[in-house]
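Trainee: The structure's right below; bear with me while I get my questions together.
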Amino acid sequence: INQLPKTAKDQRLAKSFLLNNDRGESYTFNYRGAEVFSSNNDPKISDFYSLLGLPGYGYFYFYSTSTQLTDALFDIKTFITTTRLTDSIVGFKNYGLRNDLKSNKIWYKDTYNTAYQCNTFPLA
């Protein structure tokens, strides 16, 4: 996330992986994410996530089954994918690659991670 251009870090981003079940990562690393855990969140939001086909439970919101439509609804501008395998690092979960992003602009790429610019217009 630190390697992204400032314009990408200032916008909402999501990713295809989770480290140590840390659903509060966006709060920890100060970015506007779609995977969220906080006891301050309204549990009705996880109901909304579930209605959209995204996993949500109580104060946990997951963005693991995202699509271009959910990107538009949540105004996701950057999506980070990884080629690391699940449990290649203790507690690491990889939700898989989103092939629909492969033709999008790449903000950043390293050995394992690729940050794609999302080409969606916000609907909400």
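Ligands are numbered from 1 in the order shown, chains are lettered A, B, ... in the order of the structure tokens, and residues start at 1 in each chain.
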Residues near A:Tyr95, anyone? I mean within 8 Å using only C-alpha atoms, not counting same-chain ones fewer than 4 positions away, as a ChimeraX atom specification.

Mentor: /A:16-17,64-65

Trainee: Could you pull the residues within 9 Å of A:Arg32, counting only C-alpha atoms, minus those fewer than 6 positions along the same chain, as a list in words?

Mentor: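 Skipping anything fewer than 6 positions along the chain leaves Lys9, Asp10, Gln11, Arg12, Leu13, Ala14 and Ser26 of chain A.
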
Trainee: Residues within 12 Å of stretch 48-58 of chain A, please, as a VMD selection string. Count only C-alpha atoms; anything in the same chain fewer than 3 positions from it doesn't count.

Mentor: chain A and resid 23 34 to 45 61 to 67 69 to 71 73 to 74 95

Trainee: Could those residues be written to a file, using N, CA, C and O atoms, as a short mmCIF file (atom, residue, chain, number, x, y, z; two decimals), in the first residue's frame?

Mentor:
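As a result, result.cif now contains:
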```
data_model
loop_
_atom_site.label_atom_id
_atom_site.label_comp_id
_atom_site.auth_asym_id
_atom_site.auth_seq_id
_atom_site.Cartn_x
_atom_site.Cartn_y
_atom_site.Cartn_z
N ARG A 23 -9.19 -8.14 9.79
CA ARG A 23 -10.20 -7.42 9.02
C ARG A 23 -10.20 -5.93 9.35
O ARG A 23 -10.93 -5.18 8.74
N ALA A 34 -12.45 -1.80 2.00
CA ALA A 34 -13.79 -2.39 1.98
C ALA A 34 -13.87 -3.60 2.91
O ALA A 34 -14.95 -4.05 3.21
N GLU A 35 -12.73 -4.14 3.35
CA GLU A 35 -12.71 -5.20 4.36
C GLU A 35 -12.56 -4.52 5.70
O GLU A 35 -11.56 -3.84 5.93
N VAL A 36 -13.54 -4.69 6.56
CA VAL A 36 -13.55 -3.90 7.78
C VAL A 36 -13.96 -4.76 8.97
O VAL A 36 -14.85 -5.60 8.86
N PHE A 37 -13.32 -4.54 10.10
CA PHE A 37 -13.80 -5.07 11.37
C PHE A 37 -13.67 -3.98 12.42
O PHE A 37 -12.61 -3.40 12.61
N SER A 38 -14.75 -3.70 13.07
CA SER A 38 -14.73 -2.78 14.20
C SER A 38 -16.01 -2.96 14.98
O SER A 38 -17.10 -3.04 14.39
N SER A 39 -15.91 -3.01 16.29
CA SER A 39 -17.12 -3.12 17.11
C SER A 39 -17.93 -1.83 17.06
O SER A 39 -19.06 -1.79 17.55
N ASN A 40 -17.38 -0.78 16.48
CA ASN A 40 -18.11 0.48 16.32
C ASN A 40 -19.00 0.49 15.09
O ASN A 40 -19.79 1.41 14.91
N ASN A 41 -18.86 -0.51 14.21
CA ASN A 41 -19.65 -0.55 12.98
C ASN A 41 -21.06 -1.05 13.25
O ASN A 41 -21.28 -1.85 14.15
N ASP A 42 -21.98 -0.60 12.46
CA ASP A 42 -23.36 -1.04 12.55
C ASP A 42 -23.50 -2.42 11.93
O ASP A 42 -23.17 -2.60 10.75
N PRO A 43 -23.96 -3.42 12.67
CA PRO A 43 -24.10 -4.78 12.12
C PRO A 43 -25.03 -4.85 10.91
O PRO A 43 -24.95 -5.80 10.13
N LYS A 44 -25.89 -3.84 10.72
CA LYS A 44 -26.77 -3.84 9.55
C LYS A 44 -25.97 -3.73 8.26
O LYS A 44 -26.43 -4.13 7.19
N ILE A 45 -24.76 -3.18 8.34
CA ILE A 45 -23.92 -3.08 7.14
C ILE A 45 -23.51 -4.46 6.66
O ILE A 45 -23.49 -4.73 5.47
N TYR A 61 -16.84 -7.22 7.80
CA TYR A 61 -17.26 -7.04 6.42
C TYR A 61 -16.12 -7.52 5.53
O TYR A 61 -14.99 -7.04 5.66
N PHE A 62 -16.41 -8.44 4.64
CA PHE A 62 -15.40 -9.00 3.75
C PHE A 62 -15.68 -8.55 2.32
O PHE A 62 -16.83 -8.43 1.92
N TYR A 63 -14.65 -8.38 1.53
CA TYR A 63 -14.81 -7.99 0.13
C TYR A 63 -14.26 -9.09 -0.78
O TYR A 63 -13.81 -8.83 -1.87
N SER A 64 -14.34 -10.32 -0.33
CA SER A 64 -13.68 -11.43 -1.01
C SER A 64 -14.36 -11.89 -2.29
O SER A 64 -13.74 -12.54 -3.12
N THR A 65 -15.62 -11.58 -2.49
CA THR A 65 -16.33 -12.00 -3.70
C THR A 65 -16.74 -10.78 -4.52
O THR A 65 -17.84 -10.72 -5.06
N SER A 66 -15.84 -9.85 -4.63
CA SER A 66 -16.14 -8.58 -5.29
C SER A 66 -16.28 -8.74 -6.80
O SER A 66 -15.78 -9.68 -7.40
N THR A 67 -16.98 -7.79 -7.37
CA THR A 67 -17.21 -7.73 -8.82
C THR A 67 -17.10 -6.27 -9.26
O THR A 67 -16.97 -5.37 -8.43
N LEU A 69 -19.51 -4.56 -10.31
CA LEU A 69 -20.69 -3.89 -9.76
C LEU A 69 -20.45 -3.46 -8.32
O LEU A 69 -20.74 -2.31 -7.96
N THR A 70 -19.91 -4.35 -7.48
CA THR A 70 -19.64 -3.95 -6.09
C THR A 70 -18.53 -2.90 -6.04
O THR A 70 -18.56 -2.02 -5.19
N ASP A 71 -17.57 -2.97 -6.96
CA ASP A 71 -16.55 -1.91 -7.04
C ASP A 71 -17.22 -0.57 -7.27
O ASP A 71 -16.87 0.43 -6.65
N LEU A 73 -20.44 0.24 -6.61
CA LEU A 73 -21.26 0.61 -5.45
C LEU A 73 -20.43 1.18 -4.30
O LEU A 73 -20.85 2.12 -3.63
N PHE A 74 -19.25 0.62 -4.08
CA PHE A 74 -18.39 1.07 -2.98
C PHE A 74 -17.32 2.05 -3.42
O PHE A 74 -16.48 2.45 -2.64
N TYR A 95 -7.98 -14.91 -1.69
CA TYR A 95 -9.32 -15.14 -2.22
C TYR A 95 -9.29 -15.49 -3.71
O TYR A 95 -10.29 -15.90 -4.27
#
```

Trainee: Against stretch 3-8 of chain A, which residues of stretch 20-117 of chain A fall within 7 Å? For each one I want the closest pair of atoms and the distance in Å (one decimal), counting only C-alpha atoms, rows by chain and increasing residue number, as a Markdown table.

Mentor:
```
| residue | atom | partner | partner_atom | distance |
| --- | --- | --- | --- | --- |
| A:Thr78 | CA | A:Ala8 | CA | 6.5 |
| A:Trp107 | CA | A:Leu4 | CA | 6.4 |
| A:Tyr108 | CA | A:Leu4 | CA | 6.2 |
```
